[in-house]
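Everything below belongs to model.tsv, which stores TSV, C-alpha atoms and all ligand atoms.
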chain	number	residue	atom	x	y	z
D	1	MET	CA	-39.41	8.07	35.11
D	2	LYS	CA	-39.75	8.38	38.87
D	3	VAL	CA	-38.61	11.60	40.50
D	4	VAL	CA	-37.37	11.60	44.10
D	5	ALA	CA	-36.32	14.78	45.92
D	6	VAL	CA	-33.90	14.34	48.82
D	7	VAL	CA	-34.78	16.95	51.44
D	8	ASN	CA	-34.05	17.99	54.97
D	9	TYR	CA	-33.82	21.35	56.61
D	10	LYS	CA	-30.52	20.50	58.13
D	11	GLY	CA	-27.17	20.22	56.45
D	12	GLY	CA	-24.77	17.43	57.31
D	13	VAL	CA	-27.44	14.74	57.65
D	14	GLY	CA	-26.35	12.69	54.65
D	15	LYS	CA	-28.59	13.99	51.85
D	16	THR	CA	-25.81	14.25	49.32
D	17	THR	CA	-24.11	11.01	50.35
D	18	LEU	CA	-27.37	9.09	50.04
D	19	THR	CA	-28.19	10.70	46.69
D	20	ALA	CA	-24.80	9.75	45.26
D	21	ASN	CA	-24.79	6.20	46.63
D	22	ILE	CA	-28.39	5.31	45.81
D	23	GLY	CA	-28.03	6.82	42.33
D	24	ALA	CA	-24.75	5.06	41.60
D	25	ASP	CA	-25.97	1.70	42.88
D	26	ILE	CA	-29.17	1.77	40.84
D	27	ALA	CA	-27.20	2.84	37.75
D	28	ARG	CA	-24.81	-0.06	38.36
D	29	TRP	CA	-27.75	-2.44	38.01
D	30	GLY	CA	-28.39	-1.19	34.50
D	31	LYS	CA	-30.69	1.77	35.05
D	32	ARG	CA	-30.43	5.27	33.63
D	33	VAL	CA	-30.28	7.63	36.55
D	34	LEU	CA	-30.20	11.43	36.49
D	35	MET	CA	-29.07	13.42	39.50
D	36	ILE	CA	-29.76	17.14	39.83
D	37	ASP	CA	-27.67	19.14	42.28
D	38	LEU	CA	-29.72	22.09	43.58
D	39	ASP	CA	-27.46	22.97	46.50
D	40	PRO	CA	-25.17	26.00	46.00
D	41	GLN	CA	-22.61	24.16	48.12
D	42	ALA	CA	-22.41	21.75	45.18
D	43	SER	CA	-21.24	18.79	47.28
D	44	LEU	CA	-22.96	16.32	44.96
D	45	THR	CA	-21.21	17.89	41.98
D	46	PHE	CA	-17.86	17.73	43.76
D	47	SER	CA	-18.38	14.10	44.64
D	48	PHE	CA	-18.20	13.37	40.89
D	49	TYR	CA	-15.90	16.10	39.57
D	50	ARG	CA	-12.70	17.60	40.87
D	51	PRO	CA	-13.07	21.36	41.50
D	52	GLU	CA	-10.66	22.18	38.68
D	53	GLU	CA	-12.68	20.03	36.24
D	54	TRP	CA	-15.83	21.82	37.33
D	55	ARG	CA	-14.22	25.21	36.85
D	56	ALA	CA	-12.74	24.39	33.47
D	57	ASN	CA	-15.60	22.44	31.88
D	58	LEU	CA	-18.86	23.11	33.67
D	59	ALA	CA	-18.96	26.35	35.63
D	60	ASP	CA	-19.47	28.74	32.70
D	61	ASP	CA	-22.25	27.07	30.76
D	62	ARG	CA	-23.24	23.62	32.02
D	63	THR	CA	-24.74	23.95	35.45
D	64	VAL	CA	-28.27	24.26	36.75
D	65	LYS	CA	-27.61	27.96	37.32
D	66	GLU	CA	-27.18	28.56	33.59
D	67	TRP	CA	-30.28	26.48	32.93
D	68	PHE	CA	-32.28	28.74	35.25
D	69	GLU	CA	-30.74	31.77	33.56
D	70	ALA	CA	-31.82	30.48	30.14
D	71	TRP	CA	-35.46	31.02	31.09
D	72	ARG	CA	-37.13	33.86	29.20
D	73	GLY	CA	-40.58	34.47	30.60
D	74	GLU	CA	-43.32	31.91	30.77
D	75	SER	CA	-43.65	30.90	27.15
D	76	TYR	CA	-40.31	29.17	26.58
D	77	VAL	CA	-38.98	26.23	28.59
D	78	PRO	CA	-35.26	25.64	28.03
D	79	HIS	CA	-34.41	21.97	27.57
D	80	LEU	CA	-32.52	20.36	30.42
D	81	SER	CA	-30.66	17.80	28.34
D	82	PRO	CA	-27.83	20.12	27.16
D	83	PHE	CA	-27.04	20.67	30.84
D	84	VAL	CA	-26.69	16.99	31.69
D	85	THR	CA	-23.08	15.90	32.11
D	86	THR	CA	-21.65	12.39	32.29
D	87	PRO	CA	-19.15	12.17	35.15
D	88	PRO	CA	-16.38	9.97	33.76
D	89	VAL	CA	-14.99	8.07	36.76
D	90	VAL	CA	-18.29	6.78	38.09
D	91	ASN	CA	-19.63	6.00	34.62
D	92	SER	CA	-16.61	3.94	33.69
D	93	ALA	CA	-17.37	1.84	36.77
D	94	ILE	CA	-21.01	1.16	35.86
D	95	THR	CA	-21.58	1.18	32.12
D	96	HIS	CA	-20.93	-2.56	31.65
D	97	ASN	CA	-24.58	-3.23	32.51
D	98	GLY	CA	-26.05	-0.63	30.17
D	99	GLY	CA	-26.70	1.76	33.05
D	100	GLY	CA	-25.65	5.37	33.22
D	101	LEU	CA	-25.42	8.19	35.70
D	102	GLY	CA	-26.07	11.74	34.49
D	103	LEU	CA	-25.60	14.86	36.55
D	104	VAL	CA	-26.89	18.38	36.23
D	105	ALA	CA	-24.16	20.12	38.19
D	106	SER	CA	-24.67	22.94	40.63
D	107	HIS	CA	-22.98	26.29	40.86
D	108	LEU	CA	-21.61	28.12	43.87
D	109	SER	CA	-23.65	31.19	42.88
D	110	LEU	CA	-26.94	29.35	42.66
D	111	GLY	CA	-27.98	31.50	45.63
D	112	ASP	CA	-28.30	34.46	43.23
D	113	VAL	CA	-30.82	32.51	41.18
D	114	GLU	CA	-32.77	31.73	44.32
D	115	MET	CA	-32.90	35.42	45.23
D	116	ASN	CA	-34.13	36.38	41.76
D	117	LEU	CA	-36.82	33.71	41.85
D	118	ALA	CA	-37.93	34.82	45.31
D	119	ALA	CA	-38.14	38.39	44.03
D	120	ARG	CA	-40.22	37.20	41.07
D	121	LEU	CA	-42.62	35.54	43.48
D	122	GLY	CA	-43.02	38.94	45.08
D	123	GLY	CA	-42.75	38.00	48.72
D	124	ALA	CA	-43.69	35.12	50.92
D	125	GLN	CA	-47.35	35.94	51.48
D	126	VAL	CA	-49.65	34.18	49.09
D	127	HIS	CA	-52.26	36.94	49.04
D	128	ARG	CA	-49.72	39.59	48.01
D	129	SER	CA	-48.88	38.47	44.54
D	130	THR	CA	-49.48	35.20	42.80
D	131	ARG	CA	-48.93	36.36	39.23
D	132	TYR	CA	-45.68	34.42	38.78
D	133	TYR	CA	-46.41	31.65	41.25
D	134	PHE	CA	-46.48	28.77	38.78
D	135	ASP	CA	-43.95	30.38	36.48
D	136	VAL	CA	-41.54	29.91	39.39
D	137	TYR	CA	-42.73	26.78	41.18
D	138	GLN	CA	-43.38	24.80	38.00
D	139	ARG	CA	-39.97	25.43	36.45
D	140	LEU	CA	-38.27	22.23	37.45
D	141	ALA	CA	-41.33	20.13	36.61
D	142	ALA	CA	-41.44	21.81	33.19
D	143	GLY	CA	-37.70	21.20	32.75
D	144	LEU	CA	-38.07	17.50	33.56
D	145	ALA	CA	-40.94	17.31	31.08
D	146	THR	CA	-38.48	18.28	28.32
D	147	PHE	CA	-37.02	14.75	28.60
D	148	HIS	CA	-38.54	11.79	26.87
D	149	PRO	CA	-40.10	9.61	29.61
D	150	HIS	CA	-37.73	6.79	28.66
D	151	ASP	CA	-34.57	8.90	28.86
D	152	TYR	CA	-34.24	8.11	32.58
D	153	ASP	CA	-35.63	5.48	34.91
D	154	LEU	CA	-34.98	7.57	38.00
D	155	VAL	CA	-34.29	11.22	38.77
D	156	LEU	CA	-32.77	12.12	42.15
D	157	ILE	CA	-32.81	15.76	43.22
D	158	ASP	CA	-30.35	16.78	45.94
D	159	CYS	CA	-31.84	19.81	47.71
D	160	PRO	CA	-30.20	22.60	49.69
D	161	PRO	CA	-30.54	22.50	53.50
D	162	ASN	CA	-33.54	24.82	53.72
D	163	PHE	CA	-37.13	25.05	52.55
D	164	GLY	CA	-36.66	27.97	50.18
D	165	VAL	CA	-37.95	28.57	46.68
D	166	ILE	CA	-35.64	26.03	45.05
D	167	THR	CA	-36.48	23.23	47.49
D	168	ARG	CA	-40.18	23.95	47.06
D	169	MET	CA	-39.77	23.85	43.30
D	170	ALA	CA	-38.24	20.38	43.71
D	171	VAL	CA	-41.18	19.35	45.90
D	172	ALA	CA	-43.54	20.48	43.14
D	173	ALA	CA	-41.55	18.45	40.57
D	174	CYS	CA	-41.17	15.15	42.40
D	175	ASP	CA	-43.22	12.02	42.96
D	176	PHE	CA	-41.61	11.28	46.34
D	177	LEU	CA	-39.54	12.89	49.07
D	178	LEU	CA	-36.71	11.05	50.75
D	179	VAL	CA	-35.77	12.50	54.13
D	180	PRO	CA	-32.34	11.57	55.50
D	181	ALA	CA	-31.84	12.31	59.19
D	182	ARG	CA	-29.39	11.65	61.98
D	183	PRO	CA	-30.81	10.05	65.09
D	184	ASP	CA	-30.39	13.10	67.30
D	185	GLU	CA	-32.68	15.65	68.84
D	186	LEU	CA	-32.17	18.47	66.34
D	187	SER	CA	-32.77	16.20	63.37
D	188	THR	CA	-35.99	14.87	64.82
D	189	LEU	CA	-37.20	18.43	65.47
D	190	GLY	CA	-36.15	19.31	61.94
D	191	ILE	CA	-38.27	16.51	60.48
D	192	GLU	CA	-41.37	17.70	62.34
D	193	HIS	CA	-40.75	21.22	61.10
D	194	LEU	CA	-40.24	19.98	57.56
D	195	LEU	CA	-43.51	18.02	57.60
D	196	THR	CA	-45.38	21.11	58.78
D	197	ARG	CA	-43.82	23.33	56.13
D	198	LEU	CA	-44.54	20.74	53.45
D	199	ARG	CA	-48.21	20.58	54.37
D	200	ARG	CA	-48.42	24.35	54.43
D	201	PHE	CA	-46.75	24.66	51.03
D	202	ALA	CA	-49.08	22.05	49.48
D	203	TRP	CA	-52.08	23.88	50.91
D	204	GLU	CA	-50.90	27.21	49.51
D	205	TYR	CA	-49.99	25.72	46.13
D	206	ASN	CA	-53.36	24.02	45.75
D	207	ARG	CA	-55.16	27.18	46.77
D	208	VAL	CA	-53.36	29.18	44.07
D	209	ALA	CA	-54.04	26.36	41.59
D	210	ASP	CA	-57.76	26.66	42.34
D	211	MET	CA	-57.64	30.45	42.03
D	212	GLN	CA	-55.81	30.26	38.70
D	213	SER	CA	-57.47	27.19	37.20
D	214	ASP	CA	-58.45	29.24	34.13
D	215	ARG	CA	-54.91	30.52	33.48
D	216	HIS	CA	-53.10	27.32	34.48
D	217	PRO	CA	-55.51	24.45	33.80
D	218	GLY	CA	-52.65	21.95	33.55
D	219	VAL	CA	-51.38	22.37	37.10
D	220	LYS	CA	-52.03	19.22	39.09
D	221	ARG	CA	-52.84	19.34	42.78
D	222	LEU	CA	-49.81	18.85	44.98
D	223	ASP	CA	-49.89	15.95	47.40
D	224	PRO	CA	-46.27	15.32	48.46
D	225	GLN	CA	-45.59	11.68	49.23
D	226	ILE	CA	-42.91	10.98	51.79
D	227	LEU	CA	-41.04	7.92	50.65
D	228	GLY	CA	-39.54	7.69	54.08
D	229	ILE	CA	-37.14	8.95	56.68
D	230	VAL	CA	-33.75	7.26	56.43
D	231	PHE	CA	-31.49	7.33	59.45
D	232	THR	CA	-27.86	7.87	58.60
D	233	MET	CA	-24.65	8.03	60.60
D	234	VAL	CA	-26.11	5.54	63.07
D	235	GLN	CA	-23.67	4.28	65.71
D	236	TYR	CA	-24.04	0.66	66.71
D	237	TYR	CA	-23.11	-1.27	69.80
D	238	GLY	CA	-23.70	-5.00	69.99
D	239	GLY	CA	-25.70	-4.97	66.77
D	240	GLN	CA	-28.15	-2.29	67.97
D	241	PRO	CA	-28.14	1.50	67.57
D	242	ILE	CA	-26.50	2.94	70.69
D	243	THR	CA	-28.85	3.79	73.57
D	244	ALA	CA	-28.53	7.54	73.06
D	245	MET	CA	-29.86	7.22	69.50
D	246	GLN	CA	-32.74	4.82	70.08
D	247	PRO	CA	-35.27	7.34	71.48
D	248	HIS	CA	-34.85	9.55	68.40
D	249	ILE	CA	-35.43	6.63	66.08
D	250	GLU	CA	-38.54	5.67	68.06
D	251	LEU	CA	-39.82	9.24	68.09
D	252	ALA	CA	-39.51	9.47	64.31
D	253	LYS	CA	-41.76	6.43	64.03
D	254	SER	CA	-44.54	8.36	65.78
D	255	LEU	CA	-44.41	11.17	63.20
D	256	ASP	CA	-46.71	11.31	60.23
D	257	ALA	CA	-44.21	9.76	57.81
D	258	PRO	CA	-42.86	6.28	57.09
D	259	VAL	CA	-39.44	5.34	58.40
D	260	PHE	CA	-37.10	3.07	56.45
D	261	ASP	CA	-36.19	-0.19	58.15
D	262	ALA	CA	-32.76	0.12	56.58
D	263	MET	CA	-30.30	2.53	58.17
D	264	VAL	CA	-26.78	3.64	57.31
D	265	ARG	CA	-24.07	3.28	59.92
D	266	GLU	CA	-21.59	5.95	60.78
D	267	SER	CA	-18.35	5.12	59.08
D	268	ASN	CA	-16.00	8.05	58.97
D	269	SER	CA	-13.21	6.21	57.29
D	270	TYR	CA	-15.29	4.97	54.37
D	271	PHE	CA	-17.54	7.98	53.76
D	272	ALA	CA	-14.92	10.63	54.37
D	273	GLY	CA	-12.41	8.44	52.53
D	274	ALA	CA	-14.58	8.55	49.40
D	275	ALA	CA	-14.10	12.32	49.15
D	276	GLY	CA	-11.84	13.16	46.24
D	277	THR	CA	-12.20	9.80	44.49
D	278	GLN	CA	-15.21	10.78	42.29
D	279	LEU	CA	-16.62	7.37	43.16
D	280	PRO	CA	-19.36	6.81	45.77
D	281	VAL	CA	-18.53	4.33	48.54
D	282	VAL	CA	-21.09	1.86	47.26
D	283	LEU	CA	-18.96	1.28	44.14
D	284	SER	CA	-15.66	1.12	45.94
D	285	GLU	CA	-13.92	-2.24	45.81
D	286	ARG	CA	-12.53	-1.96	49.30
D	287	ILE	CA	-15.85	-1.44	51.05
D	288	PRO	CA	-16.33	-3.84	53.98
D	289	ARG	CA	-18.93	-6.53	53.55
D	290	GLY	CA	-21.21	-5.26	56.35
D	291	LEU	CA	-21.45	-1.78	54.89
D	292	ALA	CA	-21.99	-3.15	51.38
D	293	LEU	CA	-24.85	-5.29	52.64
D	294	GLU	CA	-26.36	-2.36	54.49
D	295	LEU	CA	-26.34	-0.13	51.40
D	296	ARG	CA	-27.73	-2.94	49.31
D	297	THR	CA	-30.61	-3.47	51.76
D	298	LEU	CA	-31.27	0.26	51.72
D	299	VAL	CA	-31.41	0.41	47.91
D	300	ASP	CA	-33.70	-2.63	47.82
D	301	GLU	CA	-36.06	-0.93	50.25
D	302	PHE	CA	-35.85	2.31	48.27
D	303	LEU	CA	-36.81	0.47	45.08
D	304	ARG	CA	-39.66	-1.31	46.82
D	305	ARG	CA	-40.98	1.95	48.19
D	306	ILE	CA	-40.94	3.75	44.83
D	307	GLY	CA	-42.91	0.84	43.43
D	308	ALA	CA	-40.13	-0.86	41.49
D	309	ALA	CA	-40.27	-4.57	42.14
D	310	ASN	CA	-36.50	-5.14	42.36
D	311	ARG	CA	-33.20	-4.16	40.83
D	312	GLY	CA	-34.39	-5.27	37.43
D	313	TYR	CA	-37.53	-3.12	37.48
D	401	LIG	N1	-22.81	7.23	57.14
D	401	LIG	C1	-21.86	8.16	57.30
D	401	LIG	N2	-20.84	7.98	58.17
D	401	LIG	C2	-19.89	8.91	58.34
D	401	LIG	N3	-19.85	10.08	57.67
D	401	LIG	C3	-20.83	10.33	56.79
D	401	LIG	C4	-21.88	9.39	56.55
D	401	LIG	N4	-22.71	9.91	55.60
D	401	LIG	C5	-22.19	11.10	55.28
D	401	LIG	N5	-21.07	11.36	55.98
D	401	LIG	C6	-20.24	12.58	55.92
D	401	LIG	O1	-20.91	13.62	56.61
D	401	LIG	C7	-20.79	14.86	55.92
D	401	LIG	C8	-22.15	15.39	55.55
D	401	LIG	O2	-22.80	14.49	54.67
D	401	LIG	P1	-23.63	15.01	53.42
D	401	LIG	O3	-24.10	13.83	52.68
D	401	LIG	O4	-22.83	16.03	52.64
D	401	LIG	O5	-24.85	15.74	54.14
D	401	LIG	P2	-25.88	16.83	53.60
D	401	LIG	O6	-25.98	16.69	52.12
D	401	LIG	O7	-27.15	16.51	54.30
D	401	LIG	O8	-25.33	18.17	54.00
D	401	LIG	C9	-19.90	14.57	54.71
D	401	LIG	O9	-18.59	14.91	55.04
D	401	LIG	C10	-20.03	13.08	54.50
D	401	LIG	O10	-18.86	12.52	53.94
D	402	MG	MG	-25.72	18.15	50.66

Could you take the file, read its structure, and then write that structure out as structure tokens?
Ligand SMILES: Nc1ncnc2c1ncn2[C@@H]1O[C@H](COP(=O)(O)OP(=O)(O)O)[C@@H](O)[C@H]1O
Ligand SMILES: [Mg+2]
Amino acid sequence: MKVVAVVNYKGGVGKTTLTANIGADIARWGKRVLMIDLDPQASLTFSFYRPEEWRANLADDRTVKEWFEAWRGESYVPHLSPFVTTPPVVNSAITHNGGGLGLVASHLSLGDVEMNLAARLGGAQVHRSTRYYFDVYQRLAAGLATFHPHDYDLVLIDCPPNFGVITRMAVAACDFLLVPARPDELSTLGIEHLLTRLRRFAWEYNRVADMQSDRHPGVKRLDPQILGIVFTMVQYYGGQPITAMQPHIELAKSLDAPVFDAMVRESNSYFAGAAGTQLPVVLSERIPRGLALELRTLVDEFLRRIGAANRGY
């Protein structure tokens, strides 16, 4: 079971779209994929469920918010599996190969959970209080450990557009980070900022782990691996990204993180058109050949980078 967190400080850079499309494509090739929506905006959830379905069937007792609320102190880890849902439309499109796509849905009030967890941490300064540090930051890792390793081949975590407690918890639970970005100035700045914050968090986490090695001997050192930066919403002219975007793509290559060769083009009609269908573009039958090829190349590169040889890994 490989765990990949999809992170970026900024909203609107394609995190959720990539999560849904990569997850659905890999599931289509016969893999068991679990997606976890940690963003209170719940866009990933609403790309698989209509809002009224969410309200009627999930909102009260089957979202990640209720899973967080099921925690009772440090001694009991609530299982995640009762909170996994099987979105019907996408699954009916992929199950022929034995694959499946599960989703732990989000909740619009997940922000309340974040505030409670931040309060439990007792402030942002590491020297102030570290009593509940791992109780908080290890929660998602502990939740994922309640699965059997063979339950899922891949877990994709869609993070909120910030580097708050919940995003950091995802960082502490994942093997790799995938960083979607748009080729513009703000996104490139955002990536640099993210890399700095990541390093700082890992340093802090490892320092607390050293300090508490007697109380928490099982905590492994954190060494976040960036799977890569993926450029999305790229505009092309004559087969190349437009001139205004090229410097930002080049700049990203000088940062301390790998950059995917594959990129996703801007296609308002297809990506916006997928909204409300409960089916990611990659599974749509009317997707143009160029876009299909592009997404396929991206998924192949993704699989290579997580160490899976190919679609049949
Ligand atoms: N390649 C693309 N081309 C055009 N629009 C896109 C593309 N990828 C995503 N979008 C649209 O941009 C908006 C933001 O994307 P989203 O994946 O929700 O970003 P994030 O999760 O980072 O906030 C959504 O409306 C989505 O449909
Ligand atoms: Mg999103």

Which residues of chain D have any atom within 8 Å of an atom in ligand LIG 401 (chain D) when counting all atoms listed in the file, and what is the closest pair of atoms for each, with the distance in Å to one decimal? Order the rows by chain and rising number and write it as CSV.
residue,atom,partner,partner_atom,distance
D:Asn8,CA,D:LIG401,O7,7.1
D:Lys10,CA,D:LIG401,O7,6.5
D:Gly11,CA,D:LIG401,O8,3.7
D:Gly12,CA,D:LIG401,O8,3.4
D:Val13,CA,D:LIG401,O7,3.8
D:Gly14,CA,D:LIG401,O3,3.2
D:Lys15,CA,D:LIG401,O6,3.8
D:Thr16,CA,D:LIG401,O6,3.7
D:Thr17,CA,D:LIG401,O3,3.7
D:Leu18,CA,D:LIG401,O3,6.3
D:Thr19,CA,D:LIG401,O3,7.9
D:Ser43,CA,D:LIG401,O4,6.2
D:Leu44,CA,D:LIG401,O4,7.7
D:Asp158,CA,D:LIG401,O6,7.6
D:Cys159,CA,D:LIG401,O6,8.0
D:Pro160,CA,D:LIG401,O6,7.7
D:Pro161,CA,D:LIG401,O8,6.8
D:Pro180,CA,D:LIG401,O7,7.3
D:Ala181,CA,D:LIG401,O7,8.0
D:Thr232,CA,D:LIG401,N1,5.3
D:Met233,CA,D:LIG401,N1,4.0
D:Val234,CA,D:LIG401,N1,7.0
D:Val264,CA,D:LIG401,N1,5.4
D:Arg265,CA,D:LIG401,N1,5.0
D:Glu266,CA,D:LIG401,N2,3.4
D:Ser267,CA,D:LIG401,N2,3.9
D:Asn268,CA,D:LIG401,C2,4.0
D:Ser269,CA,D:LIG401,C2,7.3
D:Tyr270,CA,D:LIG401,C2,7.2
D:Phe271,CA,D:LIG401,O10,4.7
D:Ala272,CA,D:LIG401,O10,4.4
D:Gly273,CA,D:LIG401,O10,7.8
D:Ala274,CA,D:LIG401,O10,7.4
D:Ala275,CA,D:LIG401,O10,6.8

Q. Do you know which residues are at most 9 Å from Ile36 (chain D) counting all atoms listed in the file, after dropping those on the same chain fewer than 2 positions away, and could you put them as a ChimeraX atom specification?
A. /D:34,38,44-45,64,84,102-106,155-159

Q) Around (-33.1, 2.8, 33.5) in the file's own coordinates, what residues are found within 6 Å if you use all atoms listed in the file, given back as number ranges by chain? A) D: 31-32, 152-153

Q: Excluding Pro224 (chain D) and any residue of its chain fewer than 6 positions from it, enumerate the residues within 8 Å of it, using all atoms listed in the file, and give them as a ChimeraX atom specification.
A: /D:171-172,174-177,198,202

Q. To one decimal place, how far is CA of Ala308 (chain D) from CA of Ile26 (chain D) in Å?
A. 11.3 Å

Q | Surrounding residues of Phe201 (chain D) excluding itself and chain neighbours under 2 positions, 10 Å, all atoms listed in the file, as number ranges by chain | A | D: 163, 168, 171-172, 195-199, 203-207, 222-224

(Q) I'd like the contact shell of Phe46 (chain D) - 8 Å cut-off, only C-alpha atoms, skipping same-chain residues fewer than 4 positions apart - returned as a PyMOL selection string. (A) chain D and resi 42+50-51+54+276+278

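Proximity to ligand MG 402 (chain D) was assessed for D:Ser47, D:Met1, D:Arg28, D:Arg304 counting only C-alpha atoms and all ligand atoms; the smallest distance is recorded for D:Ser47.
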
Q.
Can you tell me which residues surround Pro40 (chain D) at a distance of at most 6 Å, considering only C-alpha atoms, apart from same-chain residues fewer than 2 positions away, and format the answer as a VMD selection string?
A. chain D and resid 42 107 to 108 110
